[in-house]
Structure formats: structure tokens, C-alpha cells
$ cat target_31.cif   # mmCIF, C-alpha atoms
data_protein
#
loop_
_atom_site.label_atom_id
_atom_site.label_comp_id
_atom_site.auth_asym_id
_atom_site.auth_seq_id
_atom_site.Cartn_x
_atom_site.Cartn_y
_atom_site.Cartn_z
CA MET T 1 0.00 0.00 0.00
CA ALA T 2 2.77 2.44 0.94
CA LYS T 3 4.66 1.58 -2.27
CA SER T 4 1.58 2.31 -4.41
CA LYS T 5 1.19 5.70 -2.70
CA LEU T 6 4.83 6.46 -3.50
CA ILE T 7 4.31 5.51 -7.16
CA LEU T 8 1.20 7.69 -7.38
CA PHE T 9 3.06 10.55 -5.76
CA ILE T 10 5.93 10.27 -8.26
CA LEU T 11 3.47 10.15 -11.18
CA PHE T 12 1.64 13.21 -9.88
CA PHE T 13 4.96 15.00 -9.40
CA TYR T 14 6.09 14.22 -12.96
CA ILE T 15 2.80 15.14 -14.60
CA GLY T 16 2.51 18.37 -12.61
CA TRP T 17 6.08 19.44 -13.30
CA THR T 18 5.87 18.55 -17.00
CA ILE T 19 2.74 20.69 -17.39
CA LYS T 20 4.42 23.60 -15.58
CA GLU T 21 7.64 23.41 -17.64
CA LEU T 22 5.91 23.09 -21.00
CA THR T 23 3.46 25.92 -20.31
CA PHE T 24 5.53 28.33 -18.20
CA HIS T 25 9.29 28.34 -18.65
CA PRO T 26 10.45 31.96 -19.00
CA LYS T 27 13.98 32.89 -20.04
CA ILE T 28 16.33 34.49 -17.55
CA THR T 29 16.23 37.68 -19.62
CA ASP T 30 12.68 38.19 -18.32
CA LEU T 31 13.87 38.39 -14.71
CA GLU T 32 10.51 38.90 -13.03
CA LEU T 33 8.89 35.86 -14.68
CA TYR T 34 12.09 33.85 -14.18
CA LEU T 35 11.96 34.52 -10.42
CA ILE T 36 8.27 33.55 -10.33
CA SER T 37 9.13 30.30 -12.13
CA PHE T 38 11.92 29.67 -9.61
CA LEU T 39 9.58 30.24 -6.65
CA ILE T 40 7.03 27.87 -8.20
CA LYS T 41 9.75 25.22 -8.42
CA MET T 42 10.81 25.64 -4.79
CA ILE T 43 7.20 25.50 -3.55
CA PHE T 44 6.20 22.61 -5.83
CA TRP T 45 9.26 20.42 -5.28
CA ILE T 46 9.88 20.88 -1.57
CA GLY T 47 6.22 21.53 -0.76
CA LEU T 48 5.06 18.23 -2.26
CA VAL T 49 7.70 16.28 -0.35
CA VAL T 50 6.62 17.93 2.92
CA ILE T 51 2.96 17.22 2.12
CA TYR T 52 3.81 13.55 1.48
CA PHE T 53 5.64 13.24 4.79
CA VAL T 54 2.94 15.05 6.79
CA TYR T 55 -0.22 13.58 5.24
CA ILE T 56 0.90 10.14 4.04
CA ASP T 57 3.73 9.19 6.41
CA ARG T 58 2.20 11.22 9.28
CA VAL T 59 5.54 12.50 10.53
CA LYS T 60 6.58 15.82 12.06
CA LEU T 61 9.03 18.42 10.81
CA GLN T 62 11.96 17.17 12.91
CA GLN T 63 11.49 13.65 11.51
CA ILE T 64 11.50 15.06 7.97
CA ILE T 65 14.74 16.92 8.67
CA ASP T 66 16.30 13.73 10.07
CA TYR T 67 15.03 11.59 7.19
CA ILE T 68 16.54 13.69 4.42
CA LYS T 69 19.75 14.07 6.50
CA LEU T 70 19.62 17.84 6.74
CA LYS T 71 21.33 17.97 10.13
CA GLN T 72 23.44 14.80 10.01
CA ASN T 73 27.15 14.97 9.23
CA ILE T 74 27.01 18.65 8.26
CA ILE T 75 30.78 19.20 8.49
CA LYS T 76 31.54 15.98 6.60
CA GLY T 77 28.94 16.88 3.98
CA VAL T 78 30.16 20.44 3.47
CA PHE T 79 33.81 19.32 3.40
CA THR T 80 33.16 16.49 0.91
CA GLY T 81 30.94 18.68 -1.28
CA GLY T 82 33.57 21.44 -1.16
CA ILE T 83 36.39 19.10 -2.19
CA ILE T 84 34.32 17.71 -5.06
CA GLY T 85 33.40 21.26 -6.06
CA LEU T 86 37.08 22.29 -6.11
CA LEU T 87 37.93 19.25 -8.23
CA LEU T 88 35.17 20.19 -10.68
CA VAL T 89 36.53 23.75 -10.87
CA ALA T 90 40.07 22.44 -11.44
CA ILE T 91 38.87 20.17 -14.24
CA GLU T 92 36.86 23.01 -15.77
CA VAL T 93 39.81 25.43 -15.70
CA THR T 94 42.04 22.78 -17.27
CA ILE T 95 39.63 22.07 -20.12
CA PHE T 96 38.24 25.55 -20.81
CA ASN T 97 40.11 28.80 -21.26
CA GLY T 98 37.99 31.06 -19.12
CA PHE T 99 34.66 31.94 -17.60
CA ARG T 100 32.13 34.68 -17.93
CA LEU T 101 31.36 35.58 -14.33
CA ASP T 102 28.33 37.76 -15.10
CA ILE T 103 25.62 35.16 -14.50
CA GLY T 104 23.73 37.50 -12.18
CA ILE T 105 20.89 36.07 -10.12
CA ARG T 106 21.98 32.53 -11.02
CA TRP T 107 24.71 32.80 -8.36
CA ILE T 108 21.87 32.68 -5.79
CA ILE T 109 19.20 30.66 -7.58
CA THR T 110 21.46 27.79 -8.67
CA PRO T 111 22.36 26.55 -5.13
CA LEU T 112 18.71 26.85 -4.03
CA THR T 113 17.55 24.93 -7.09
CA ALA T 114 20.20 22.26 -6.48
CA PHE T 115 19.03 21.99 -2.86
CA SER T 116 15.41 21.43 -3.92
CA GLU T 117 16.48 18.75 -6.40
CA GLU T 118 18.62 17.01 -3.79
CA VAL T 119 15.76 17.04 -1.27
CA VAL T 120 13.43 15.41 -3.80
CA PHE T 121 15.71 12.90 -5.51
CA ARG T 122 18.33 11.96 -2.95
CA GLY T 123 16.61 12.90 0.32
CA PHE T 124 13.15 11.61 -0.61
CA VAL T 125 13.03 9.33 -3.67
CA MET T 126 16.31 7.50 -3.06
CA ASN T 127 15.57 6.98 0.64
CA LYS T 128 12.02 5.81 -0.06
CA LEU T 129 13.20 3.31 -2.68
CA ARG T 130 15.79 2.02 -0.21
CA ASP T 131 13.12 1.77 2.53
CA HIS T 132 10.95 -0.31 0.19
CA ARG T 133 13.98 -2.55 -0.46
CA VAL T 134 14.03 -1.75 -4.16
CA LYS T 135 17.17 -3.22 -5.71
CA GLY T 136 19.33 -0.70 -7.54
CA TYR T 137 17.61 2.21 -5.79
CA ASN T 138 20.43 4.62 -6.70
CA PHE T 139 20.23 3.60 -10.37
CA ILE T 140 16.44 4.06 -10.36
CA GLN T 141 16.56 7.48 -8.70
CA ALA T 142 19.17 8.53 -11.30
CA ILE T 143 16.81 7.40 -14.09
CA LEU T 144 14.00 9.39 -12.46
CA PHE T 145 16.31 12.39 -12.06
CA MET T 146 17.11 12.19 -15.76
CA GLY T 147 13.40 11.85 -16.56
CA ILE T 148 12.41 15.04 -14.74
CA HIS T 149 14.72 16.89 -17.15
CA PHE T 150 12.77 15.73 -20.23
CA PRO T 151 10.48 18.80 -20.33
CA ILE T 152 13.39 21.27 -20.24
CA GLY T 153 15.20 18.97 -22.68
CA ILE T 154 12.32 19.30 -25.13
CA ILE T 155 12.38 23.09 -24.80
CA SER T 156 16.17 23.35 -25.03
CA GLY T 157 16.79 20.61 -27.60
CA TYR T 158 18.88 18.25 -25.44
CA SER T 159 20.82 15.51 -27.18
CA LEU T 160 21.18 11.90 -26.03
CA LEU T 161 24.55 12.86 -24.53
CA ASN T 162 22.83 15.51 -22.39
CA TYR T 163 20.50 12.88 -20.92
CA VAL T 164 23.30 10.38 -20.34
CA THR T 165 25.26 13.11 -18.54
CA ILE T 166 22.25 13.99 -16.35
CA PHE T 167 21.83 10.31 -15.47
CA LEU T 168 25.52 9.98 -14.54
CA VAL T 169 25.40 13.18 -12.46
CA GLY T 170 22.30 11.89 -10.65
CA TYR T 171 23.95 8.54 -9.98
CA ILE T 172 27.16 10.12 -8.67
CA LEU T 173 25.19 12.52 -6.46
CA GLY T 174 23.27 9.55 -5.08
CA PHE T 175 26.55 7.78 -4.34
CA ILE T 176 27.90 10.89 -2.58
CA TYR T 177 24.71 11.16 -0.53
CA LYS T 178 24.88 7.51 0.46
CA LYS T 179 28.53 7.70 1.49
CA THR T 180 28.30 10.94 3.48
CA SER T 181 24.77 10.55 4.94
CA SER T 182 24.40 14.31 4.46
CA ILE T 183 22.24 16.26 2.02
CA TRP T 184 24.90 19.00 1.95
CA ALA T 185 27.57 17.03 0.08
CA PRO T 186 25.50 16.39 -3.06
CA THR T 187 23.90 19.84 -2.80
CA ILE T 188 27.26 21.63 -2.89
CA ALA T 189 28.64 19.37 -5.64
CA HIS T 190 25.43 19.81 -7.65
CA SER T 191 25.52 23.61 -7.18
CA VAL T 192 29.12 23.91 -8.34
CA TYR T 193 28.48 21.64 -11.33
CA ASN T 194 25.48 23.72 -12.49
CA ILE T 195 27.22 27.06 -11.88
CA LEU T 196 30.15 25.88 -14.00
CA ILE T 197 27.73 25.13 -16.83
CA TYR T 198 26.33 28.66 -16.63
CA LEU T 199 29.81 30.20 -16.45
CA ARG T 200 30.76 28.31 -19.59
CA GLN T 201 27.73 29.43 -21.62
#
$ encode --input "target_31.cif" --output "C-alpha cells"
Amino acid sequence: MAKSKLILFILFFYIGWTIKELTFHPKITDLELYLISFLIKMIFWIGLVVIYFVYIDRVKLQQIIDYIKLKQNIIKGVFTGGIIGLLLVAIEVTIFNGFRLDIGIRWIITPLTAFSEEVVFRGFVMNKLRDHRVKGYNFIQAILFMGIHFPIGIISGYSLLNYVTIFLVGYILGFIYKKTSSIWAPTIAHSVYNILIYLRQ
């Protein structure tokens, strides 16, 4: 019964987010609409997870915080995420000749967006799949993480390589989360990775 509720929740999440992305996905040049879109994402992604915990699992806020590992191993998580972030920067500097640092509001929005994605896919989906003893739960959450990028992929014209990369990033972030037992390690690594993409564009 609990597994069927999880499946229904994931379906609802995907359908709802696909509709939002395909009907309202403003460009960053329209800053006001872009910020509204960002707020919708934060409310939709984190809000739905909280609703699931409160109304389906019947747990309190402190239990949610513990479950997604928001307060566990903070120093280890920040340190690990920071080291991975520095390695990503070193690789980026080695491969590319320079950055454009004028990415504006994305310096703030990117870490918050990464946090919301980590809460949903590593803190919620991955943990729930593990709780239900689903084999290959990290692989499955990485597939689901790739899948949630299909709407933006349609809009932006992603190639097969883009999707493979998203899957690999999701899998590695899941591995980092599992090894550190902290949401902060994958959040920091994810933030740096996405910021580097924007700096490169």
C-alpha cells in the first residue's frame, strides 16, 4: 500500500512538473517571470515532499529533517561537497580557457535549485526506494532524475549525450549522498556543477 502511494506521488509529481515546464518556462532575460518560475519550483518540489511526509507518512518536521539528513554529518557533507566542487573547478579550468562571471541572479538561484532537487531525488526518492527494499535504488533514482529533465530537454533541444550526462550526475550525487549521509555534500557538488555550466555558456 505504501509503495503504491509512493508511485502515485511520483506520477503526480512528474505530470505536474511537465505541465508547468511546457506551459511556463520563461527565459532568464525576463527576470521577473524567471523569479516567479523559480519560486514555483521551490514551492512545488519541496512543498510536495513535505505534504507527502505530513499527510501520508504522518511525521513531524523534525522527523522530515532527520530523514533527508539535513542535520546529520554537516561538516563531513560540506567538506566532501567542497572538495568535489574544487575538483570540478580544477577540471573546468584545465579544459576551458575562461569563464564569464556575469551570470547575475543565477549565483543565488542555482544553489537553491540544487538543494530542492537534492531534497526530492536523494533525500526523498532515493531513501524511499531504499526503505521499500528496491534493488538498484540509486540507479532508479538517477533514471527518475534524468526523466524530470525531459520537459526542459524538449524546450532546449537536449541531445542523447545531455541525458546520459544527467543520469551519470544523478547517480554520482546519489553515491555521494549515500557515502556521506548528508544532504549537503551532493547539494554543494550539484551547485558547483550547475554554476560551472552557466559560467561556460
$ resolve_selection --input "target_31.cif" --expression "the PyMOL selection byres ((chain T and resi 80-86) around 7)" --output "list of chain:residue names"
T:Lys76, T:Gly77, T:Val78, T:Phe79, T:Leu87, T:Leu88, T:Val89, T:Ala90, T:Trp184, T:Ala185, T:Pro186, T:Ile188, T:Ala189, T:Val192
$ residues_around --input "target_31.cif" --residues "Ser182 of chain T" --least-positions-apart "5" --cutoff "10 Å" --atoms "all atoms listed in the file" --output "list in words"
Asp66, Ile68, Lys69, Leu70, Lys71, Gln72, Asn73, Ile74, Ile75, Lys76, Gly77, Val78, Thr80, Gly81, Arg122, Gly123, Ile176, Tyr177 and Thr187 of chain T
$ residues_around --input "target_31.cif" --residues "Val49 of chain T" --least-positions-apart "6" --cutoff "10 Å" --atoms "all atoms listed in the file" --output "PyMOL selection string"
chain T and resi 9+13+43+64+116+119-120+123-125
$ atom_distance --input "target_31.cif" --atom1 "atom CA of Ser159 of chain T" --atom2 "atom CA of Thr113 of chain T"
22.4 Å
$ closest_residue --input "target_31.cif" --among "T:Leu112, T:Ile166, T:Leu6, T:Ala142" --to "Leu48 of chain T" --atoms "only C-alpha atoms"
T:Leu6
$ atom_distance --input "target_31.cif" --atom1 "atom CA of Asp30 of chain T" --atom2 "atom CA of Gly104 of chain T"
12.7 Å
$ residues_around --input "target_31.cif" --residues "Leu39 of chain T" --least-positions-apart "6" --cutoff "10 Å" --atoms "only C-alpha atoms" --output "NGL selection string"
:T and (33 or 45 or 109 or 113)
$ closest_residue --input "target_31.cif" --among "T:Ile7, T:Tyr14, T:Ile183, T:Tyr198" --to "Ile65 of chain T" --atoms "all atoms listed in the file"
T:Ile183
$ closest_residue --input "target_31.cif" --among "T:Arg133, T:Lys20, T:Arg100, T:Arg200" --to "Ile148 of chain T" --atoms "all atoms listed in the file"
T:Lys20
$ closest_residue --input "target_31.cif" --among "T:Ile51, T:Leu35, T:Ile10, T:Ile108" --to "Asn194 of chain T" --atoms "all atoms listed in the file"
T:Ile108
$ closest_residue --input "target_31.cif" --among "T:Met126, T:Phe44, T:Ile105, T:Ile197" --to "Ile28 of chain T" --atoms "all atoms listed in the file"
T:Ile105
$ atom_distance --input "target_31.cif" --atom1 "atom CA of Gln63 of chain T" --atom2 "atom CA of Asn127 of chain T"
13.4 Å
$ residues_around --input "target_31.cif" --residues "Ile155 of chain T" --least-positions-apart "3" --cutoff "8 Å" --atoms "all atoms listed in the file" --output "MDAnalysis selection string"
chainID T and resid 22 151:152
$ closest_residue --input "target_31.cif" --among "T:Lys5, T:Arg106, T:Lys178, T:Arg130" --to "Thr29 of chain T" --atoms "all atoms listed in the file"
T:Arg106
